[in-house]
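Have a look at upload-v2.csv; it's CSV, C-alpha atoms:
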chain,number,residue,atom,x,y,z
D,26,MET,CA,-18.8,-30.7,-51.4
D,27,MET,CA,-20.5,-28.3,-49.0
D,28,ASN,CA,-18.3,-26.9,-46.2
D,29,ARG,CA,-20.5,-28.4,-43.4
D,30,PHE,CA,-21.3,-25.1,-41.8
D,31,ILE,CA,-25.0,-24.4,-41.4
D,32,ALA,CA,-26.7,-21.4,-39.8
D,33,PHE,CA,-30.2,-21.7,-38.3
D,34,GLU,CA,-32.1,-18.5,-38.5
D,35,GLY,CA,-35.4,-16.8,-38.0
D,36,ALA,CA,-37.3,-14.5,-35.7
D,37,ASP,CA,-37.4,-15.2,-32.0
D,38,GLY,CA,-39.9,-18.0,-31.2
D,39,CYS,CA,-39.5,-19.6,-34.6
D,40,GLY,CA,-38.1,-22.9,-33.2
D,41,LYS,CA,-34.6,-22.7,-34.8
D,42,SER,CA,-32.8,-23.8,-31.7
D,43,THR,CA,-35.0,-26.9,-31.3
D,44,GLN,CA,-34.5,-27.8,-34.9
D,45,MET,CA,-30.8,-27.3,-34.7
D,46,GLU,CA,-30.5,-29.7,-31.8
D,47,ARG,CA,-32.7,-32.3,-33.4
D,48,LEU,CA,-30.7,-32.3,-36.6
D,49,ALA,CA,-27.5,-32.5,-34.6
D,50,ARG,CA,-28.8,-35.7,-32.9
D,51,VAL,CA,-29.7,-37.1,-36.3
D,52,MET,CA,-26.3,-36.4,-37.8
D,53,GLU,CA,-24.6,-37.9,-34.7
D,54,SER,CA,-26.6,-41.0,-35.0
D,55,ARG,CA,-25.1,-41.4,-38.5
D,56,GLY,CA,-21.6,-41.2,-37.0
D,57,GLU,CA,-21.0,-37.6,-37.8
D,58,ARG,CA,-19.4,-35.1,-35.4
D,59,VAL,CA,-21.4,-32.0,-34.8
D,60,ILE,CA,-20.3,-28.8,-33.1
D,61,GLN,CA,-23.2,-26.5,-32.0
D,62,VAL,CA,-22.6,-22.8,-31.3
D,63,ARG,CA,-24.7,-19.8,-30.6
D,64,GLU,CA,-24.4,-16.2,-31.7
D,65,PRO,CA,-23.3,-14.2,-30.0
D,66,GLY,CA,-21.5,-16.5,-27.6
D,67,SER,CA,-19.7,-19.9,-27.5
D,68,THR,CA,-16.4,-18.3,-26.7
D,69,GLU,CA,-15.3,-16.4,-23.5
D,70,LEU,CA,-15.3,-13.1,-25.4
D,71,GLY,CA,-18.6,-13.9,-27.2
D,72,GLU,CA,-20.4,-14.6,-23.9
D,73,LYS,CA,-19.3,-11.3,-22.4
D,74,ILE,CA,-20.4,-9.5,-25.6
D,75,ARG,CA,-23.7,-11.3,-25.4
D,76,THR,CA,-24.3,-10.0,-21.9
D,77,LEU,CA,-23.6,-6.5,-23.0
D,78,LEU,CA,-25.8,-6.7,-26.0
D,79,LEU,CA,-28.8,-8.1,-24.1
D,80,ASP,CA,-28.6,-5.4,-21.4
D,81,ALA,CA,-31.3,-2.9,-22.5
D,82,ALA,CA,-30.2,-0.4,-19.8
D,83,LEU,CA,-26.8,0.0,-21.5
D,84,PRO,CA,-26.8,2.9,-24.0
D,85,MET,CA,-25.4,1.7,-27.4
D,86,THR,CA,-25.3,3.1,-30.9
D,87,ALA,CA,-26.8,1.1,-33.8
D,88,GLU,CA,-23.4,0.8,-35.4
D,89,GLY,CA,-21.7,-0.1,-32.2
D,90,GLU,CA,-24.3,-2.8,-31.7
D,91,ALA,CA,-23.6,-4.3,-35.1
D,92,LEU,CA,-19.8,-4.2,-34.7
D,93,LEU,CA,-20.1,-6.0,-31.3
D,94,PHE,CA,-21.9,-8.8,-33.1
D,95,LEU,CA,-19.2,-9.0,-35.7
D,96,ALA,CA,-16.5,-9.0,-33.1
D,97,SER,CA,-18.1,-12.0,-31.4
D,98,ARG,CA,-18.5,-13.7,-34.8
D,99,CYS,CA,-14.8,-13.2,-35.8
D,100,GLN,CA,-13.7,-14.7,-32.5
D,101,LEU,CA,-16.1,-17.6,-32.9
D,102,LEU,CA,-14.9,-18.3,-36.4
D,103,THR,CA,-11.2,-18.3,-35.5
D,104,GLU,CA,-11.5,-20.1,-32.1
D,105,VAL,CA,-14.2,-22.7,-32.8
D,106,ILE,CA,-15.7,-22.9,-36.3
D,107,GLU,CA,-12.7,-23.0,-38.6
D,108,PRO,CA,-10.8,-25.6,-36.5
D,109,ALA,CA,-14.0,-27.7,-36.3
D,110,LEU,CA,-14.5,-27.6,-40.1
D,111,ALA,CA,-10.8,-28.3,-40.7
D,112,SER,CA,-11.2,-31.5,-38.6
D,113,GLY,CA,-14.1,-32.7,-40.7
D,114,ALA,CA,-16.9,-31.9,-38.3
D,115,TRP,CA,-20.2,-30.3,-39.0
D,116,VAL,CA,-20.9,-26.9,-37.4
D,117,PHE,CA,-24.4,-25.8,-36.6
D,118,ALA,CA,-24.9,-22.1,-35.6
D,119,ASP,CA,-27.9,-20.8,-33.7
D,120,ARG,CA,-27.9,-17.5,-35.7
D,121,PHE,CA,-25.1,-16.0,-37.7
D,122,TYR,CA,-24.8,-12.8,-39.8
D,123,LEU,CA,-28.2,-13.1,-41.4
D,124,SER,CA,-29.6,-12.1,-38.1
D,125,THR,CA,-27.4,-9.0,-38.0
D,126,ILE,CA,-28.6,-8.0,-41.5
D,127,VAL,CA,-32.2,-8.4,-40.2
D,128,TYR,CA,-32.0,-7.0,-36.7
D,129,GLN,CA,-29.5,-4.2,-37.1
D,130,GLY,CA,-30.2,-3.5,-40.8
D,131,MET,CA,-33.6,-4.2,-42.2
D,132,ALA,CA,-35.6,-4.0,-38.9
D,133,GLY,CA,-33.1,-1.7,-37.2
D,134,GLU,CA,-31.5,1.7,-37.7
D,135,LEU,CA,-28.6,1.1,-40.0
D,136,GLY,CA,-30.4,-0.2,-43.1
D,137,GLU,CA,-29.8,-3.4,-45.0
D,138,GLU,CA,-27.1,-1.9,-47.4
D,139,ARG,CA,-24.9,-0.7,-44.6
D,140,VAL,CA,-25.0,-3.9,-42.6
D,141,VAL,CA,-24.4,-6.1,-45.7
D,142,GLU,CA,-21.4,-3.9,-46.4
D,143,LEU,CA,-20.0,-4.4,-42.9
D,144,CYS,CA,-20.6,-8.1,-42.9
D,145,ASP,CA,-18.9,-8.6,-46.3
D,146,LEU,CA,-16.0,-6.4,-45.3
D,147,ILE,CA,-15.3,-8.1,-42.0
D,148,LEU,CA,-16.2,-11.7,-42.7
D,149,GLY,CA,-15.3,-12.0,-46.4
D,150,LYS,CA,-15.8,-15.6,-47.6
D,151,ARG,CA,-16.0,-17.1,-44.0
D,152,ARG,CA,-19.6,-18.0,-44.3
D,153,PRO,CA,-22.1,-20.8,-43.8
D,154,CYS,CA,-22.8,-23.0,-46.9
D,155,LEU,CA,-26.5,-22.9,-46.0
D,156,HIS,CA,-28.8,-20.6,-44.0
D,157,LEU,CA,-31.9,-22.4,-42.9
D,158,VAL,CA,-34.6,-19.8,-42.1
D,159,MET,CA,-37.6,-21.0,-40.0
D,160,ASP,CA,-40.6,-19.1,-41.2
D,161,VAL,CA,-43.5,-18.9,-38.7
D,162,PRO,CA,-46.6,-16.6,-39.0
D,163,THR,CA,-46.2,-13.4,-37.0
D,164,ASP,CA,-49.3,-14.0,-34.8
D,165,LEU,CA,-47.9,-17.4,-33.8
D,166,LEU,CA,-44.5,-15.9,-32.9
D,167,LEU,CA,-46.2,-13.3,-30.7
D,168,GLU,CA,-48.2,-16.0,-28.9
D,169,ARG,CA,-45.1,-18.1,-28.3
D,170,LEU,CA,-43.1,-15.2,-27.0
D,171,LYS,CA,-45.8,-14.2,-24.5
D,172,LEU,CA,-45.2,-17.6,-22.9
D,173,ARG,CA,-41.5,-16.9,-22.4
D,174,ALA,CA,-41.6,-13.2,-21.8
D,175,ARG,CA,-38.3,-11.7,-20.6
D,176,GLU,CA,-37.5,-8.4,-19.2
D,177,GLY,CA,-34.5,-6.3,-20.2
D,178,ASP,CA,-33.9,-7.8,-23.6
D,179,ARG,CA,-32.5,-5.1,-25.8
D,180,PHE,CA,-34.1,-6.5,-29.0
D,181,GLU,CA,-37.5,-8.0,-28.0
D,182,SER,CA,-38.3,-4.9,-25.9
D,183,ARG,CA,-38.3,-2.6,-29.0
D,184,GLN,CA,-41.7,-1.6,-30.1
D,185,GLY,CA,-42.8,-3.6,-33.1
D,186,MET,CA,-39.5,-5.5,-33.4
D,187,ILE,CA,-41.0,-9.0,-33.6
D,188,GLU,CA,-43.3,-7.9,-36.5
D,189,ARG,CA,-40.4,-6.2,-38.4
D,190,THR,CA,-38.0,-9.0,-38.0
D,191,ALA,CA,-40.5,-11.7,-39.0
D,192,GLN,CA,-41.2,-9.8,-42.2
D,193,ALA,CA,-37.5,-9.1,-42.8
D,194,PHE,CA,-36.6,-12.8,-42.5
D,195,ARG,CA,-39.1,-13.6,-45.3
D,196,SER,CA,-37.2,-11.4,-47.8
D,197,VAL,CA,-33.6,-11.1,-46.6
D,198,GLN,CA,-31.1,-12.1,-49.3
D,199,GLY,CA,-27.9,-12.1,-47.2
D,200,LEU,CA,-24.5,-11.6,-49.0
D,201,PRO,CA,-23.9,-12.3,-52.7
D,202,GLY,CA,-23.7,-16.0,-53.3
D,203,ASP,CA,-25.5,-17.1,-50.1
D,204,VAL,CA,-27.8,-20.1,-50.1
D,205,ILE,CA,-30.9,-19.5,-48.1
D,206,HIS,CA,-33.7,-22.1,-47.6
D,207,ARG,CA,-36.9,-21.0,-45.9
D,208,ILE,CA,-38.8,-23.7,-44.0
D,209,GLU,CA,-42.5,-23.4,-43.2
D,210,ALA,CA,-42.1,-24.0,-39.4
D,211,ASP,CA,-45.6,-23.6,-38.1
D,212,GLY,CA,-46.3,-27.4,-38.2
D,213,SER,CA,-45.4,-30.0,-35.6
D,214,GLU,CA,-41.8,-30.3,-34.4
D,215,GLU,CA,-41.5,-33.6,-36.2
D,216,LYS,CA,-42.9,-32.3,-39.5
D,217,VAL,CA,-40.6,-29.3,-39.4
D,218,ALA,CA,-37.6,-31.6,-38.6
D,219,SER,CA,-38.5,-33.7,-41.7
D,220,LEU,CA,-38.4,-30.6,-43.9
D,221,VAL,CA,-35.0,-29.6,-42.5
D,222,GLU,CA,-33.6,-33.1,-43.2
D,223,GLU,CA,-34.9,-33.0,-46.7
D,224,VAL,CA,-33.1,-29.8,-47.4
D,225,LEU,CA,-29.8,-31.2,-45.9
D,226,ASN,CA,-30.1,-34.4,-47.8
D,227,SER,CA,-30.6,-32.6,-51.1
D,228,LEU,CA,-27.5,-30.5,-50.5
D,229,GLU,CA,-25.4,-33.6,-49.7
D,230,ARG,CA,-26.5,-35.2,-52.9
D,231,SER,CA,-25.6,-32.1,-55.0

Could you show the structure in this file as structure tokens?
Amino acid sequence: MMNRFIAFEGADGCGKSTQMERLARVMESRGERVIQVREPGSTELGEKIRTLLLDAALPMTAEGEALLFLASRCQLLTEVIEPALASGAWVFADRFYLSTIVYQGMAGELGEERVVELCDLILGKRRPCLHLVMDVPTDLLLERLKLRAREGDRFESRQGMIERTAQAFRSVQGLPGDVIHRIEADGSEEKVASLVEEVLNSLERS
């Protein structure tokens, strides 16, 4: 039986947050309890770390950046995720360590191998049973992000970051043993939701 912990991933603008919330409503309509969290965040420490990480004016090394994400993640696992799973609830995370591998590793300065090593060392087996990656063509991502442009975001403000992260999410393998499903997410919200439900239903049957 799967451990009921699912991470929703993808480049900014891919629709992962919307699909996570939709699936949570579906599961709750079936009588399931669902805890939704975001990374970094969803704890007092995590929210403070989130503020630091999104402040583009604050100097930060690439490794320091990755370690702050991991610190937030460890707090979230201990304080929220593991107790929820132990109680029988589902946990849906808006990003988890796959994003660190992509943003700080493959599309960033540390490289994939170094970030995979850090994630494996610090998190061990405390992982989602499934990573759902929303895959959207890069030109559509750029169009969506123009509509919600933000100033001062450390990650989106980096030259070429959207293009690099979109490509990285199409090939990232995560940690050994990870289960990653990529969803073609450029269709209607309803169509994408049906694809997400199909993946979950197939996992529940396995």

Return as a Markdown table the residues of range 104-141 of chain D lying at most 7 Å from range 26-50 of chain D, together with the closest atom-to-atom pair for each and the distance in Å to one decimal, counting all atoms listed in the file, with rows in chain order and ascending residue number.
| residue | atom | partner | partner_atom | distance |
| --- | --- | --- | --- | --- |
| D:Leu110 | CA | D:Arg29 | CA | 6.9 |
| D:Trp115 | CA | D:Arg29 | CA | 4.8 |
| D:Val116 | CA | D:Phe30 | CA | 4.8 |
| D:Phe117 | CA | D:Ile31 | CA | 5.0 |
| D:Ala118 | CA | D:Ala32 | CA | 4.6 |
| D:Asp119 | CA | D:Phe33 | CA | 5.2 |
| D:Arg120 | CA | D:Glu34 | CA | 5.1 |
| D:Phe121 | CA | D:Ala32 | CA | 6.0 |
| D:Ser124 | CA | D:Glu34 | CA | 6.9 |

Selection above as a file: C-alpha atoms, as a short mmCIF file (atom, residue, chain, number, x, y, z; two decimals), keeping the file's coordinate frame:
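Okay, out-v4.cif is ready:
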data_model
loop_
_atom_site.label_atom_id
_atom_site.label_comp_id
_atom_site.auth_asym_id
_atom_site.auth_seq_id
_atom_site.Cartn_x
_atom_site.Cartn_y
_atom_site.Cartn_z
CA LEU D 110 -14.50 -27.60 -40.10
CA TRP D 115 -20.20 -30.30 -39.00
CA VAL D 116 -20.90 -26.90 -37.40
CA PHE D 117 -24.40 -25.80 -36.60
CA ALA D 118 -24.90 -22.10 -35.60
CA ASP D 119 -27.90 -20.80 -33.70
CA ARG D 120 -27.90 -17.50 -35.70
CA PHE D 121 -25.10 -16.00 -37.70
CA SER D 124 -29.60 -12.10 -38.10
#

**OP:** Mind checking which residues fall within 6 Å of range 136-151 of chain D, counting only C-alpha atoms, ignoring those fewer than 5 positions away in the same chain, and posting them as a PyMOL selection string?
**Re:** chain D and resi 126+130-131

**OP:** With a distance cut-off of 6 Å and only C-alpha atoms, select the neighbouring residues of Ala210 in chain D, excluding the residue or stretch itself and same-chain residues fewer than 5 positions from it, and output the selection as a ChimeraX atom specification.
**Re:** /D:159-161,217

Subject >> Length of the CA of Ser67 in chain D to CA of Val105 in chain D vector [Å] >> reply: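 Spanning CA of Ser67 in chain D to CA of Val105 in chain D is a straight-line distance of 8.1 Å.
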
Subject >> Distance of CA of Tyr128 in chain D from CA of Pro65 in chain D, expressed in Å to one decimal place >> reply: 13.1 Å

**OP:** Measure the distance from CA of Lys73 in chain D to CA of Leu93 in chain D in Å and round it to one decimal.
**Re:**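 Atom-to-atom, CA of Lys73 in chain D to CA of Leu93 in chain D, that is 10.4 Å.
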
Original post:
Closest to Asp203 in chain D among D:Arg230, D:Lys171, D:Arg152, D:Arg189, using only C-alpha atoms?
Top reply: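 The answer is D:Arg152, which sits nearest to Asp203 in chain D.
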
**OP:** Point out the residue among D:Leu200, D:Leu135, D:Ala91, D:Val127 with the least atom-to-atom distance to Leu155 in chain D, counting only C-alpha atoms.
**Re:** D:Leu200

**OP:** Using all atoms listed in the file, find the one residue out of D:Ala193, D:Val204, D:Leu165, D:Leu70 that sits nearest to Cys99 in chain D.
**Re:** D:Leu70

Any chance you could tabulate, as a tab-separated table, the residues of range 91-163 of chain D at most 12 Å from range 77-82 of chain D with each one's nearest atom pair and distance in Å to one decimal, using all atoms listed in the file, in chain and rising number order?
residue	atom	partner	partner_atom	distance
D:Ala91	CA	D:Leu78	CA	9.7
D:Leu92	CA	D:Leu78	CA	10.9
D:Leu93	CA	D:Leu78	CA	7.8
D:Phe94	CA	D:Leu78	CA	8.4
D:Leu95	CA	D:Leu78	CA	12.0
D:Ala96	CA	D:Leu78	CA	11.9
D:Ser97	CA	D:Leu78	CA	10.8
D:Gln129	CA	D:Leu78	CA	12.0

Subject >> Minimum-distance residue to Glu90 in chain D, chosen among D:Thr125, D:Thr190, D:Ser213, D:Ser231 (using all atoms listed in the file) >> reply: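 So, comparing all the options, the nearest one is D:Thr125.
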
**OP:** Would you kindly return, as a list of chain:residue names, each protein, DNA or RNA residue with an atom no farther than 9 Å from any atom of Glu188 in chain D, considering only C-alpha atoms and excluding same-chain residues fewer than 2 positions away?
**Re:**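 The residues that qualify are D:Ala36, D:Ala132, D:Thr163, D:Asp164, D:Leu166, D:Leu167, D:Gly185, D:Met186, D:Thr190, D:Ala191, D:Gln192, D:Ala193.
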